[in-house]
file input29.cif (mmCIF, C-alpha atoms and all ligand atoms)
data_final
#
loop_
_atom_site.group_PDB
_atom_site.id
_atom_site.type_symbol
_atom_site.label_atom_id
_atom_site.label_comp_id
_atom_site.auth_asym_id
_atom_site.auth_seq_id
_atom_site.Cartn_x
_atom_site.Cartn_y
_atom_site.Cartn_z
ATOM 1 C CA MET A 1008 2.320 82.586 101.182
ATOM 2 C CA LEU A 1009 -0.953 84.501 101.198
ATOM 3 C CA SER A 1010 -1.309 87.755 103.134
ATOM 4 C CA LEU A 1011 -4.754 88.522 104.524
ATOM 5 C CA LEU A 1012 -5.671 91.971 105.808
ATOM 6 C CA TYR A 1013 -8.670 91.497 108.070
ATOM 7 C CA ARG A 1014 -10.887 94.523 108.696
ATOM 8 C CA GLY A 1015 -14.027 93.623 110.600
ATOM 9 C CA ARG A 1016 -16.909 95.847 111.653
ATOM 10 C CA LEU A 1017 -15.292 97.123 114.877
ATOM 11 C CA ALA A 1018 -15.019 100.910 114.529
ATOM 12 C CA SER A 1019 -14.774 102.350 118.026
ATOM 13 C CA CYS A 1020 -11.621 103.739 119.537
ATOM 14 C CA ASN A 1021 -10.671 104.881 123.022
ATOM 15 C CA TYR A 1022 -8.780 107.859 121.506
ATOM 16 C CA ASP A 1023 -10.221 110.886 119.779
ATOM 17 C CA CYS A 1024 -7.509 112.118 117.399
ATOM 18 C CA PRO A 1025 -8.770 115.142 115.417
ATOM 19 C CA TYR A 1026 -6.878 113.919 112.309
ATOM 20 C CA CYS A 1027 -8.358 110.407 112.470
ATOM 21 C CA PRO A 1028 -8.961 109.231 108.889
ATOM 22 C CA PHE A 1029 -11.929 107.135 109.970
ATOM 23 C CA ALA A 1030 -15.338 108.391 110.975
ATOM 24 C CA LYS A 1031 -15.336 107.732 114.683
ATOM 25 C CA ARG A 1032 -18.250 105.600 115.733
ATOM 26 C CA LYS A 1033 -19.462 103.941 118.869
ATOM 27 C CA ASP A 1034 -19.985 100.205 118.719
ATOM 28 C CA ASP A 1035 -23.061 99.070 120.615
ATOM 29 C CA ARG A 1036 -23.172 95.692 122.345
ATOM 30 C CA ALA A 1037 -24.859 94.011 119.389
ATOM 31 C CA THR A 1038 -22.166 95.247 116.983
ATOM 32 C CA LEU A 1039 -19.369 94.071 119.275
ATOM 33 C CA LYS A 1040 -21.035 90.700 119.622
ATOM 34 C CA GLN A 1041 -21.345 90.367 115.866
ATOM 35 C CA ASP A 1042 -17.747 91.493 115.375
ATOM 36 C CA ALA A 1043 -16.584 88.836 117.847
ATOM 37 C CA ALA A 1044 -18.638 86.149 116.075
ATOM 38 C CA GLU A 1045 -17.267 87.135 112.666
ATOM 39 C CA LEU A 1046 -13.712 87.152 113.972
ATOM 40 C CA ALA A 1047 -14.241 83.698 115.493
ATOM 41 C CA ARG A 1048 -15.458 82.474 112.086
ATOM 42 C CA PHE A 1049 -12.333 83.853 110.413
ATOM 43 C CA VAL A 1050 -10.075 82.158 112.981
ATOM 44 C CA ASP A 1051 -12.010 78.931 112.539
ATOM 45 C CA TRP A 1052 -11.553 79.086 108.788
ATOM 46 C CA LEU A 1053 -7.794 79.475 109.249
ATOM 47 C CA ARG A 1054 -7.714 76.387 111.445
ATOM 48 C CA GLY A 1055 -8.632 74.231 108.432
ATOM 49 C CA GLN A 1056 -5.976 75.678 106.114
ATOM 50 C CA PRO A 1057 -2.581 74.254 105.123
ATOM 51 C CA GLU A 1058 0.449 74.900 107.336
ATOM 52 C CA GLY A 1059 2.789 77.852 106.820
ATOM 53 C CA ARG A 1060 0.488 79.527 104.378
ATOM 54 C CA PHE A 1061 -0.666 82.808 105.960
ATOM 55 C CA ASN A 1062 0.694 86.183 106.906
ATOM 56 C CA LEU A 1063 -2.051 88.125 108.710
ATOM 57 C CA LEU A 1064 -2.689 91.747 109.573
ATOM 58 C CA PHE A 1065 -5.603 93.000 111.636
ATOM 59 C CA THR A 1066 -6.296 96.486 110.380
ATOM 60 C CA PRO A 1067 -9.396 97.710 112.220
ATOM 61 C CA TRP A 1068 -11.306 100.953 111.682
ATOM 62 C CA GLY A 1069 -10.868 101.637 115.398
ATOM 63 C CA GLU A 1070 -8.791 100.166 118.224
ATOM 64 C CA ALA A 1071 -8.886 96.370 118.465
ATOM 65 C CA LEU A 1072 -6.586 95.626 121.388
ATOM 66 C CA THR A 1073 -8.955 97.079 123.980
ATOM 67 C CA ARG A 1074 -11.256 94.170 122.979
ATOM 68 C CA ARG A 1075 -10.678 90.765 124.458
ATOM 69 C CA HIS A 1076 -11.837 88.881 121.347
ATOM 70 C CA TYR A 1077 -8.988 90.383 119.283
ATOM 71 C CA ARG A 1078 -6.356 89.743 121.960
ATOM 72 C CA ASP A 1079 -7.488 86.127 122.297
ATOM 73 C CA ALA A 1080 -7.565 85.604 118.519
ATOM 74 C CA ILE A 1081 -4.017 86.957 118.150
ATOM 75 C CA ILE A 1082 -2.678 84.736 120.951
ATOM 76 C CA THR A 1083 -4.356 81.679 119.403
ATOM 77 C CA LEU A 1084 -3.211 82.397 115.852
ATOM 78 C CA SER A 1085 0.383 83.050 116.916
ATOM 79 C CA HIS A 1086 0.623 79.395 118.017
ATOM 80 C CA TRP A 1087 -0.820 77.808 114.889
ATOM 81 C CA PRO A 1088 1.394 76.314 112.190
ATOM 82 C CA GLN A 1089 -0.870 77.791 109.505
ATOM 83 C CA VAL A 1090 0.292 81.296 110.464
ATOM 84 C CA ALA A 1091 3.775 82.568 109.648
ATOM 85 C CA ARG A 1092 3.154 85.975 111.224
ATOM 86 C CA VAL A 1093 0.171 87.779 112.747
ATOM 87 C CA ALA A 1094 0.321 91.569 113.077
ATOM 88 C CA VAL A 1095 -2.118 94.180 114.333
ATOM 89 C CA GLN A 1096 -2.383 97.948 114.076
ATOM 90 C CA THR A 1097 -2.811 99.553 117.492
ATOM 91 C CA ASN A 1098 -2.484 102.809 119.386
ATOM 92 C CA LEU A 1099 -0.720 100.817 122.168
ATOM 93 C CA SER A 1100 -2.887 102.507 124.783
ATOM 94 C CA ASN A 1101 -3.049 99.388 126.956
ATOM 95 C CA SER A 1102 -0.305 97.347 128.554
ATOM 96 C CA PRO A 1103 0.907 94.688 126.088
ATOM 97 C CA GLN A 1104 1.533 92.232 128.932
ATOM 98 C CA TRP A 1105 -1.220 89.951 127.557
ATOM 99 C CA LEU A 1106 1.245 89.083 124.762
ATOM 100 C CA ALA A 1107 3.205 86.976 127.266
ATOM 101 C CA ALA A 1108 0.757 84.208 126.267
ATOM 102 C CA ALA A 1109 1.516 84.615 122.540
ATOM 103 C CA ASN A 1110 4.324 83.133 120.463
ATOM 104 C CA PRO A 1111 6.751 86.082 120.202
ATOM 105 C CA ASP A 1112 8.307 84.689 117.013
ATOM 106 C CA ARG A 1113 5.052 85.013 115.108
ATOM 107 C CA VAL A 1114 3.323 88.090 116.506
ATOM 108 C CA SER A 1115 4.072 91.739 115.739
ATOM 109 C CA LEU A 1116 2.557 95.145 116.486
ATOM 110 C CA TRP A 1117 2.233 98.193 114.227
ATOM 111 C CA CYS A 1118 1.957 100.901 116.885
ATOM 112 C CA SER A 1119 0.969 104.557 116.501
ATOM 113 C CA PHE A 1120 1.885 107.257 118.998
ATOM 114 C CA HIS A 1121 -0.664 110.076 119.348
ATOM 115 C CA PRO A 1122 0.948 112.724 121.571
ATOM 116 C CA GLU A 1123 -2.277 114.635 122.247
ATOM 117 C CA GLU A 1124 -3.939 111.482 123.583
ATOM 118 C CA THR A 1125 -1.221 109.979 125.769
ATOM 119 C CA PRO A 1126 2.027 111.185 127.365
ATOM 120 C CA ARG A 1127 5.251 110.054 125.738
ATOM 121 C CA ALA A 1128 6.715 108.645 128.984
ATOM 122 C CA GLY A 1129 3.844 106.165 129.448
ATOM 123 C CA PHE A 1130 3.918 105.216 125.768
ATOM 124 C CA LEU A 1131 7.651 104.499 125.982
ATOM 125 C CA GLN A 1132 7.081 102.305 129.028
ATOM 126 C CA ARG A 1133 4.691 100.173 127.000
ATOM 127 C CA VAL A 1134 7.251 99.999 124.182
ATOM 128 C CA GLN A 1135 9.800 98.777 126.732
ATOM 129 C CA GLN A 1136 7.339 96.069 127.787
ATOM 130 C CA LEU A 1137 7.123 94.953 124.150
ATOM 131 C CA GLN A 1138 10.903 94.793 124.021
ATOM 132 C CA ALA A 1139 11.067 92.769 127.217
ATOM 133 C CA LEU A 1140 8.498 90.351 125.764
ATOM 134 C CA GLY A 1141 10.564 89.993 122.584
ATOM 135 C CA VAL A 1142 7.610 91.070 120.403
ATOM 136 C CA ARG A 1143 8.551 92.711 117.104
ATOM 137 C CA HIS A 1144 7.065 96.141 116.546
ATOM 138 C CA SER A 1145 7.268 99.378 114.641
ATOM 139 C CA ILE A 1146 6.267 102.786 115.986
ATOM 140 C CA GLY A 1147 4.838 105.652 114.009
ATOM 141 C CA MET A 1148 3.348 109.107 114.089
ATOM 142 C CA VAL A 1149 1.361 111.376 111.816
ATOM 143 C CA GLY A 1150 3.672 114.018 110.361
ATOM 144 C CA ILE A 1151 1.816 117.078 111.645
ATOM 145 C CA ARG A 1152 4.003 120.140 112.180
ATOM 146 C CA ARG A 1153 2.969 120.684 115.797
ATOM 147 C CA PHE A 1154 4.241 117.162 116.577
ATOM 148 C CA PHE A 1155 7.788 117.688 115.275
ATOM 149 C CA GLY A 1156 9.209 118.206 118.780
ATOM 150 C CA GLU A 1157 7.563 115.014 120.074
ATOM 151 C CA MET A 1158 8.761 113.157 116.979
ATOM 152 C CA ALA A 1159 12.377 114.167 117.550
ATOM 153 C CA ALA A 1160 12.193 113.295 121.258
ATOM 154 C CA LEU A 1161 10.579 109.929 120.540
ATOM 155 C CA ARG A 1162 13.200 109.130 117.896
ATOM 156 C CA GLN A 1163 15.981 109.889 120.335
ATOM 157 C CA GLN A 1164 14.416 107.858 123.145
ATOM 158 C CA LEU A 1165 13.607 104.774 121.082
ATOM 159 C CA PRO A 1166 16.321 102.140 120.632
ATOM 160 C CA PRO A 1167 18.213 102.646 117.339
ATOM 161 C CA GLY A 1168 16.915 99.304 116.057
ATOM 162 C CA THR A 1169 13.281 100.422 116.295
ATOM 163 C CA TYR A 1170 11.868 101.879 113.108
ATOM 164 C CA LEU A 1171 9.943 105.111 113.617
ATOM 165 C CA TRP A 1172 7.759 105.663 110.559
ATOM 166 C CA ILE A 1173 6.098 108.958 109.753
ATOM 167 C CA ASN A 1174 2.826 109.130 107.846
ATOM 168 C CA ALA A 1175 2.708 112.187 105.600
ATOM 169 C CA TYR A 1176 -0.034 114.645 106.549
ATOM 170 C CA HIS A 1177 -2.051 115.520 103.469
ATOM 171 C CA ASP A 1178 -5.148 117.148 104.977
ATOM 172 C CA GLU A 1179 -3.784 120.647 104.342
ATOM 173 C CA GLY A 1180 -2.651 119.982 100.791
ATOM 174 C CA ARG A 1181 0.357 118.487 99.072
ATOM 175 C CA ARG A 1182 2.445 121.621 99.674
ATOM 176 C CA TYR A 1183 2.160 121.433 103.449
ATOM 177 C CA TYR A 1184 5.878 120.730 103.973
ATOM 178 C CA SER A 1185 8.802 123.007 103.144
ATOM 179 C CA ALA A 1186 11.872 121.460 101.471
ATOM 180 C CA ALA A 1187 13.730 121.667 104.810
ATOM 181 C CA GLU A 1188 10.910 119.854 106.599
ATOM 182 C CA LEU A 1189 10.856 117.109 103.965
ATOM 183 C CA ALA A 1190 14.605 116.639 104.370
ATOM 184 C CA TRP A 1191 14.312 116.546 108.189
ATOM 185 C CA LEU A 1192 11.452 114.017 108.119
ATOM 186 C CA GLY A 1193 13.535 111.902 105.730
ATOM 187 C CA GLN A 1194 16.309 111.851 108.350
ATOM 188 C CA ILE A 1195 13.875 110.204 110.774
ATOM 189 C CA ASP A 1196 12.104 107.864 108.343
ATOM 190 C CA PRO A 1197 14.183 106.814 105.327
ATOM 191 C CA TRP A 1198 10.975 105.896 103.435
ATOM 192 C CA PHE A 1199 9.153 109.139 104.234
ATOM 193 C CA ALA A 1200 9.561 110.609 100.726
ATOM 194 C CA LEU A 1201 7.627 107.668 99.246
ATOM 195 C CA ASN A 1202 4.883 108.051 101.808
ATOM 196 C CA HIS A 1203 4.670 111.747 101.051
ATOM 197 C CA GLN A 1204 4.652 111.255 97.315
ATOM 198 C CA ALA A 1205 4.389 107.707 96.042
ATOM 199 C CA PRO A 1206 4.706 107.512 92.247
ATOM 200 C CA PRO A 1207 1.261 107.398 90.522
ATOM 201 C CA SER A 1208 -0.259 103.966 90.957
ATOM 202 C CA LEU A 1209 -2.622 103.747 87.972
ATOM 203 C CA GLY A 1210 -1.454 100.798 85.869
ATOM 204 C CA ALA A 1211 1.399 100.015 88.282
ATOM 205 C CA PRO A 1212 2.031 96.375 89.211
ATOM 206 C CA CYS A 1213 0.632 95.382 92.606
ATOM 207 C CA VAL A 1214 0.496 91.939 94.178
ATOM 208 C CA THR A 1215 -2.851 92.581 95.878
ATOM 209 C CA GLY A 1216 -5.481 90.343 94.323
ATOM 210 C CA GLU A 1217 -2.848 87.678 93.878
ATOM 211 C CA ARG A 1218 -0.755 87.313 97.038
ATOM 212 C CA VAL A 1219 -2.483 89.870 99.291
ATOM 213 C CA LEU A 1220 -6.215 90.134 99.972
ATOM 214 C CA SER A 1221 -8.437 92.292 102.133
ATOM 215 C CA VAL A 1222 -11.150 90.401 104.038
ATOM 216 C CA ASP A 1223 -14.136 91.918 105.845
ATOM 217 C CA GLY A 1224 -16.279 90.524 108.632
ATOM 218 C CA ASN A 1225 -18.648 88.818 106.164
ATOM 219 C CA GLY A 1226 -15.719 87.110 104.492
ATOM 220 C CA ASP A 1227 -15.985 89.257 101.378
ATOM 221 C CA ILE A 1228 -12.635 89.516 99.632
ATOM 222 C CA ARG A 1229 -11.269 92.562 97.868
ATOM 223 C CA ARG A 1230 -7.804 93.010 96.452
ATOM 224 C CA CYS A 1231 -7.069 95.823 98.925
ATOM 225 C CA HIS A 1232 -8.853 98.319 101.163
ATOM 226 C CA PHE A 1233 -8.943 100.915 98.368
ATOM 227 C CA VAL A 1234 -10.499 99.053 95.432
ATOM 228 C CA PRO A 1235 -14.158 98.281 96.184
ATOM 229 C CA ALA A 1236 -14.754 95.405 93.704
ATOM 230 C CA VAL A 1237 -15.492 92.136 95.527
ATOM 231 C CA LEU A 1238 -13.472 89.170 94.206
ATOM 232 C CA GLY A 1239 -15.362 86.497 96.098
ATOM 233 C CA ASN A 1240 -16.021 85.250 99.606
ATOM 234 C CA LEU A 1241 -13.604 83.438 101.879
ATOM 235 C CA TYR A 1242 -16.264 81.034 103.069
ATOM 236 C CA GLN A 1243 -17.530 80.020 99.615
ATOM 237 C CA PRO A 1244 -15.881 77.043 97.957
ATOM 238 C CA ALA A 1245 -14.849 78.901 94.794
ATOM 239 C CA LEU A 1246 -13.783 82.479 94.223
ATOM 240 C CA ALA A 1247 -15.850 84.417 91.680
ATOM 241 C CA ASN A 1248 -12.565 85.781 90.326
ATOM 242 C CA PRO A 1249 -9.334 83.780 90.352
ATOM 243 C CA LEU A 1250 -6.323 85.170 92.208
ATOM 244 C CA GLN A 1251 -4.097 86.750 89.620
ATOM 245 C CA THR A 1252 -1.825 89.704 89.014
ATOM 246 C CA ARG A 1253 -3.740 92.850 88.257
ATOM 247 C CA ALA A 1254 -2.501 96.373 87.588
ATOM 248 C CA CYS A 1255 -3.687 99.065 89.999
ATOM 249 C CA PRO A 1256 -6.900 100.792 88.857
ATOM 250 C CA ASN A 1257 -6.483 103.807 91.184
ATOM 251 C CA ARG A 1258 -4.727 107.068 90.392
ATOM 252 C CA ARG A 1259 -2.963 107.290 93.746
ATOM 253 C CA CYS A 1260 -2.102 104.892 96.546
ATOM 254 C CA ASP A 1261 -0.723 106.988 99.376
ATOM 255 C CA CYS A 1262 -0.998 104.660 102.354
ATOM 256 C CA TYR A 1263 1.796 102.291 103.291
ATOM 257 C CA ILE A 1264 -0.807 99.567 103.816
ATOM 258 C CA GLY A 1265 -1.511 99.742 100.068
ATOM 259 C CA HIS A 1266 1.633 100.767 98.235
ATOM 260 C CA ALA A 1267 3.801 98.396 100.306
ATOM 261 C CA HIS A 1268 2.468 95.749 97.908
ATOM 262 C CA ARG A 1269 3.808 97.397 94.777
ATOM 263 C CA PRO A 1270 6.833 95.398 93.611
ATOM 264 C CA ASP A 1271 8.192 98.456 91.801
ATOM 265 C CA LEU A 1272 8.669 100.159 95.220
ATOM 266 C CA PRO A 1273 11.324 99.010 97.729
ATOM 267 C CA PHE A 1274 9.095 97.863 100.610
ATOM 268 C CA GLN A 1275 8.755 94.151 99.922
ATOM 269 C CA GLN A 1276 12.487 93.797 99.623
ATOM 270 C CA ALA A 1277 13.310 95.963 102.660
ATOM 271 C CA PHE A 1278 10.540 94.636 104.923
ATOM 272 C CA GLY A 1279 10.231 90.977 103.824
ATOM 273 C CA LEU A 1280 8.043 88.979 106.204
ATOM 274 C CA GLY A 1281 7.688 92.140 108.316
ATOM 275 C CA THR A 1282 5.883 94.013 105.516
ATOM 276 C CA LEU A 1283 2.467 93.647 107.155
ATOM 277 C CA GLY A 1284 3.736 94.866 110.538
ATOM 278 C CA ARG A 1285 5.724 97.662 108.836
ATOM 279 C CA ILE A 1286 8.928 96.293 110.312
ATOM 280 C CA PRO A 1287 12.082 96.435 108.155
ATOM 281 C CA GLU A 1288 14.279 93.355 108.037
ATOM 282 C CA VAL A 1289 17.275 95.442 109.077
ATOM 283 C CA PHE A 1290 17.107 98.866 110.661
ATOM 284 C CA HIS A 1291 19.499 100.996 112.643
ATOM 285 C CA TRP A 1292 18.843 104.681 113.195
ATOM 286 C CA GLN A 1293 21.766 106.953 113.684
ATOM 287 C CA ALA A 1294 21.438 110.701 114.122
ATOM 288 C CA PRO A 1295 22.968 112.371 111.057
ATOM 289 C CA ALA A 1296 25.972 114.616 111.743
ATOM 290 C CA ASP A 1297 23.825 117.716 111.122
ATOM 291 C CA TRP A 1298 20.879 116.422 113.209
ATOM 292 C CA GLN A 1299 18.634 119.101 114.682
ATOM 293 C CA PRO A 1300 15.689 118.301 116.978
ATOM 294 C CA ALA A 1301 13.437 120.344 114.641
ATOM 295 C CA PRO A 1302 13.617 121.438 111.009
ATOM 296 C CA PRO A 1303 14.434 125.088 110.260
ATOM 297 C CA ALA A 1304 11.241 127.152 110.492
ATOM 298 C CA PRO A 1305 9.827 128.093 107.073
ATOM 299 C CA PRO A 1306 10.256 131.788 106.244
ATOM 300 C CA SER A 1307 7.311 133.844 107.457
ATOM 301 C CA PRO A 1308 5.177 135.558 104.765
ATOM 302 C CA SER A 1309 6.440 138.969 105.944
ATOM 303 C CA SER A 1310 10.124 138.020 105.552
ATOM 304 C CA ARG A 1311 9.321 136.818 102.022
ATOM 305 C CA VAL A 1312 7.842 140.225 101.216
ATOM 306 C CA ILE A 1313 10.964 141.928 102.599
ATOM 307 C CA ARG A 1314 13.167 139.714 100.398
ATOM 308 C CA LEU A 1315 11.092 140.500 97.333
ATOM 309 C CA VAL A 1316 11.355 144.198 98.095
ATOM 310 C CA ALA A 1317 15.104 143.906 98.712
ATOM 311 C CA TYR A 1318 15.884 142.200 95.389
HETATM 312 S S1 LIG A 1401 -5.934 106.065 117.665
HETATM 313 FE FE1 LIG A 1401 -6.161 105.715 115.449
HETATM 314 S S2 LIG A 1401 -8.280 104.964 115.185
HETATM 315 FE FE2 LIG A 1401 -8.137 105.890 117.245
HETATM 316 S S3 LIG A 1401 -8.842 108.022 116.961
HETATM 317 FE FE3 LIG A 1401 -6.579 108.013 116.780
HETATM 318 S S4 LIG A 1401 -6.181 107.795 114.554
HETATM 319 FE FE4 LIG A 1401 -8.337 107.184 114.912
HETATM 320 S S1 LIG A 1402 -1.458 100.097 94.473
HETATM 321 FE FE1 LIG A 1402 -2.715 100.478 96.281
HETATM 322 S S2 LIG A 1402 -4.783 101.033 95.515
HETATM 323 FE FE2 LIG A 1402 -3.627 100.080 93.847
HETATM 324 S S3 LIG A 1402 -4.268 97.954 93.913
HETATM 325 FE FE3 LIG A 1402 -2.324 98.133 95.076
HETATM 326 S S4 LIG A 1402 -2.955 98.458 97.201
HETATM 327 FE FE4 LIG A 1402 -4.771 98.811 95.926
#
call {"tool": "encode", "arguments": {"input": "input29.cif", "output": "structure tokens", "more": "lines below"}}
Ligand code: SF4
Ligand code: SF4
result
Amino acid sequence: MLSLLYRGRLASCNYDCPYCPFAKRKDDRATLKQDAAELARFVDWLRGQPEGRFNLLFTPWGEALTRRHYRDAIITLSHWPQVARVAVQTNLSNSPQWLAAANPDRVSLWCSFHPEETPRAGFLQRVQQLQALGVRHSIGMVGIRRFFGEMAALRQQLPPGTYLWINAYHDEGRRYYSAAELAWLGQIDPWFALNHQAPPSLGAPCVTGERVLSVDGNGDIRRCHFVPAVLGNLYQPALANPLQTRACPNRRCDCYIGHAHRPDLPFQQAFGLGTLGRIPEVFHWQAPADWQPAPPAPPSPSSRVIRLVAY
């Protein structure tokens, strides 16, 4: 099985999250047209491949599901025997009803909830639509402190079988979280500690470059989104570099989309075929006995001074 992470030139998004890791751009008509043509070429290439061979993830710079060419490609691919699973990252801003035309056994959504862009009630309605359609999905949020209340409410309103992942927020430094906050976030997402602080990746084993490849709109292949060296081109008969195991050349690999492919970490075993959609094989959330809808507030600087004075 070969996993392909397709990231085309589409970069626009209908949301405007201030913490967005990608430079937000507008796609003009020509860019969208080219993106659609490149995606069609990728789909066409897959048509000629052996059956049961591919696990796919669309991982755009922006939002893909507001674009018809991505919705159509996902519906088509979900019916092909070449494709074991096709997943897509999305902000789930639009109704997922279009997925009624897809094969629910093969399609999955990696959804992000952005509470400053959309109300929780509407987001949950769209999640319910996904459930009614029988489409596998995971839901996630960025672990910013001002979102903790929304995170707790979302966790309690989602079905226990739905995994709510939390992406660690690193923009304000690695010491952003208190110990109590780390523990609380770990009660919501059992893999949060690894997202917050994955072990150093330099020299670590990683199946990208062998069983997982990143593909861009031109068909250029890289081992992952984070290592720029081009291994070859999907549309050329021979790869410049053969697919083989390679140790990671980067010091850190913080994103799930990267470190999920490290066999020394637990993701491949826990997520199996759902690894690309970030969906664990088995998941059941239960509020811990000491569950609080927010972590204890960190001590204020002034109370720290008082303690220092007192002792
Ligand atoms: S929804 Fe995602 S891609 Fe769009 S602005 Fe927010 S973080 Fe960026
Ligand atoms: S560990 Fe991360 S950065 Fe390193 S090769 Fe794997 S996916 Fe790429």
call {"tool": "residues_near_ligand", "arguments": {"input": "input29.cif", "ligand": "ligand LIG 1401 (chain A)", "cutoff": "9 Å", "atoms": "all atoms listed in the file", "output": "JSON, numbers by chain"}}
result
{"A": [1018, 1019, 1020, 1021, 1022, 1023, 1024, 1025, 1026, 1027, 1028, 1029, 1030, 1031, 1067, 1068, 1069, 1070, 1096, 1097, 1098, 1099, 1100, 1119, 1120, 1121, 1124, 1149]}
call {"tool": "residues_around", "arguments": {"input": "input29.cif", "residues": "Pro1206 of chain A", "least_positions_apart": "5", "cutoff": "9 Å", "atoms": "only C-alpha atoms", "output": "number ranges by chain"}}
result
A: 1201, 1259-1261, 1272
call {"tool": "residues_near_ligand", "arguments": {"input": "input29.cif", "ligand": "ligand LIG 1402 (chain A)", "cutoff": "8 Å", "atoms": "all atoms listed in the file", "output": "MDAnalysis selection string"}}
result
chainID A and resid 1208:1209 1211:1216 1230:1234 1253:1262 1264:1269
call {"tool": "atom_distance", "arguments": {"input": "input29.cif", "atom1": "atom CA of Gln1163 of chain A", "atom2": "atom CA of Ala1094 of chain A"}}
result
25.2 Å
call {"tool": "closest_residue", "arguments": {"input": "input29.cif", "among": "A:Pro1111, A:Pro1103, A:Pro1197, A:Pro1207", "to": "Ala1277 of chain A", "atoms": "only C-alpha atoms"}}
result
A:Pro1197
call {"tool": "resolve_selection", "arguments": {"input": "input29.cif", "expression": "the PyMOL selection byres (((chain A and resi 1015) around 7) and not hetatm)", "output": "ChimeraX atom specification"}}
result
/A:1013-1014,1016-1017,1042,1067,1223-1224
call {"tool": "resolve_selection", "arguments": {"input": "input29.cif", "expression": "the PyMOL selection byres (((chain A and resi 1190) around 12) and not hetatm)", "output": "number ranges by chain"}}
result
A: 1184-1189, 1191-1200, 1203, 1295, 1297-1299, 1301-1303
call {"tool": "resolve_selection", "arguments": {"input": "input29.cif", "expression": "the PyMOL selection byres (((chain A and resi 1011) around 7) and not hetatm)", "output": "list in words"}}
result
Leu1009, Ser1010, Leu1012, Tyr1013, Asn1062, Leu1063, Leu1064, Val1219, Leu1220, Ser1221 and Val1222 of chain A
call {"tool": "write_last_selection", "arguments": {"input": "input29.cif", "atoms": "C-alpha atoms", "output": "PDB file, in the coordinates of the input"}}
result
ATOM      1  CA  LEU A1009      -0.953  84.501 101.198  1.00  0.00           C
ATOM      2  CA  SER A1010      -1.309  87.755 103.134  1.00  0.00           C
ATOM      3  CA  LEU A1012      -5.671  91.971 105.808  1.00  0.00           C
ATOM      4  CA  TYR A1013      -8.670  91.497 108.070  1.00  0.00           C
ATOM      5  CA  ASN A1062       0.694  86.183 106.906  1.00  0.00           C
ATOM      6  CA  LEU A1063      -2.051  88.125 108.710  1.00  0.00           C
ATOM      7  CA  LEU A1064      -2.689  91.747 109.573  1.00  0.00           C
ATOM      8  CA  VAL A1219      -2.483  89.870  99.291  1.00  0.00           C
ATOM      9  CA  LEU A1220      -6.215  90.134  99.972  1.00  0.00           C
ATOM     10  CA  SER A1221      -8.437  92.292 102.133  1.00  0.00           C
ATOM     11  CA  VAL A1222     -11.150  90.401 104.038  1.00  0.00           C
TER      12      VAL A1222
END
call {"tool": "atom_distance", "arguments": {"input": "input29.cif", "atom1": "atom CA of His1144 of chain A", "atom2": "atom CA of Gly1281 of chain A"}}
result
9.2 Å
call {"tool": "atom_distance", "arguments": {"input": "input29.cif", "atom1": "atom CA of Lys1040 of chain A", "atom2": "atom CA of Ile1228 of chain A"}}
result
21.7 Å
call {"tool": "closest_residue", "arguments": {"input": "input29.cif", "among": "A:Tyr1183, A:Thr1073, A:Ala1304, A:Ile1082", "to": "Leu1039 of chain A", "atoms": "all atoms listed in the file"}}
result
A:Thr1073
call {"tool": "decode", "arguments": {"input": "input29.cif", "residues": "segment 1044-1054 of chain A", "atoms": "N, CA and C atoms", "output": "CSV table (one decimal), in the first residue's frame"}}
result
chain,number,residue,atom,x,y,z
A,1044,ALA,N,-7.0,21.4,-13.4
A,1044,ALA,CA,-6.3,20.6,-14.5
A,1044,ALA,C,-5.3,19.7,-13.9
A,1045,GLU,N,-4.5,20.2,-12.9
A,1045,GLU,CA,-3.5,19.3,-12.3
A,1045,GLU,C,-4.1,18.2,-11.4
A,1046,LEU,N,-5.2,18.5,-10.8
A,1046,LEU,CA,-5.9,17.5,-10.0
A,1046,LEU,C,-6.5,16.4,-10.9
A,1047,ALA,N,-7.0,16.9,-12.0
A,1047,ALA,CA,-7.6,15.9,-13.0
A,1047,ALA,C,-6.5,15.0,-13.5
A,1048,ARG,N,-5.3,15.5,-13.7
A,1048,ARG,CA,-4.2,14.7,-14.2
A,1048,ARG,C,-3.8,13.7,-13.1
A,1049,PHE,N,-3.8,14.1,-11.9
A,1049,PHE,CA,-3.5,13.2,-10.8
A,1049,PHE,C,-4.5,12.0,-10.7
A,1050,VAL,N,-5.8,12.4,-10.8
A,1050,VAL,CA,-6.9,11.4,-10.8
A,1050,VAL,C,-6.7,10.4,-12.0
A,1051,ASP,N,-6.4,11.0,-13.1
A,1051,ASP,CA,-6.2,10.2,-14.3
A,1051,ASP,C,-5.1,9.2,-14.2
A,1052,TRP,N,-4.0,9.7,-13.6
A,1052,TRP,CA,-2.9,8.8,-13.3
A,1052,TRP,C,-3.3,7.6,-12.4
A,1053,LEU,N,-4.1,7.9,-11.4
A,1053,LEU,CA,-4.5,6.8,-10.5
A,1053,LEU,C,-5.4,5.8,-11.2
A,1054,ARG,N,-6.1,6.2,-12.2
A,1054,ARG,CA,-7.0,5.3,-12.9
A,1054,ARG,C,-6.2,4.2,-13.5
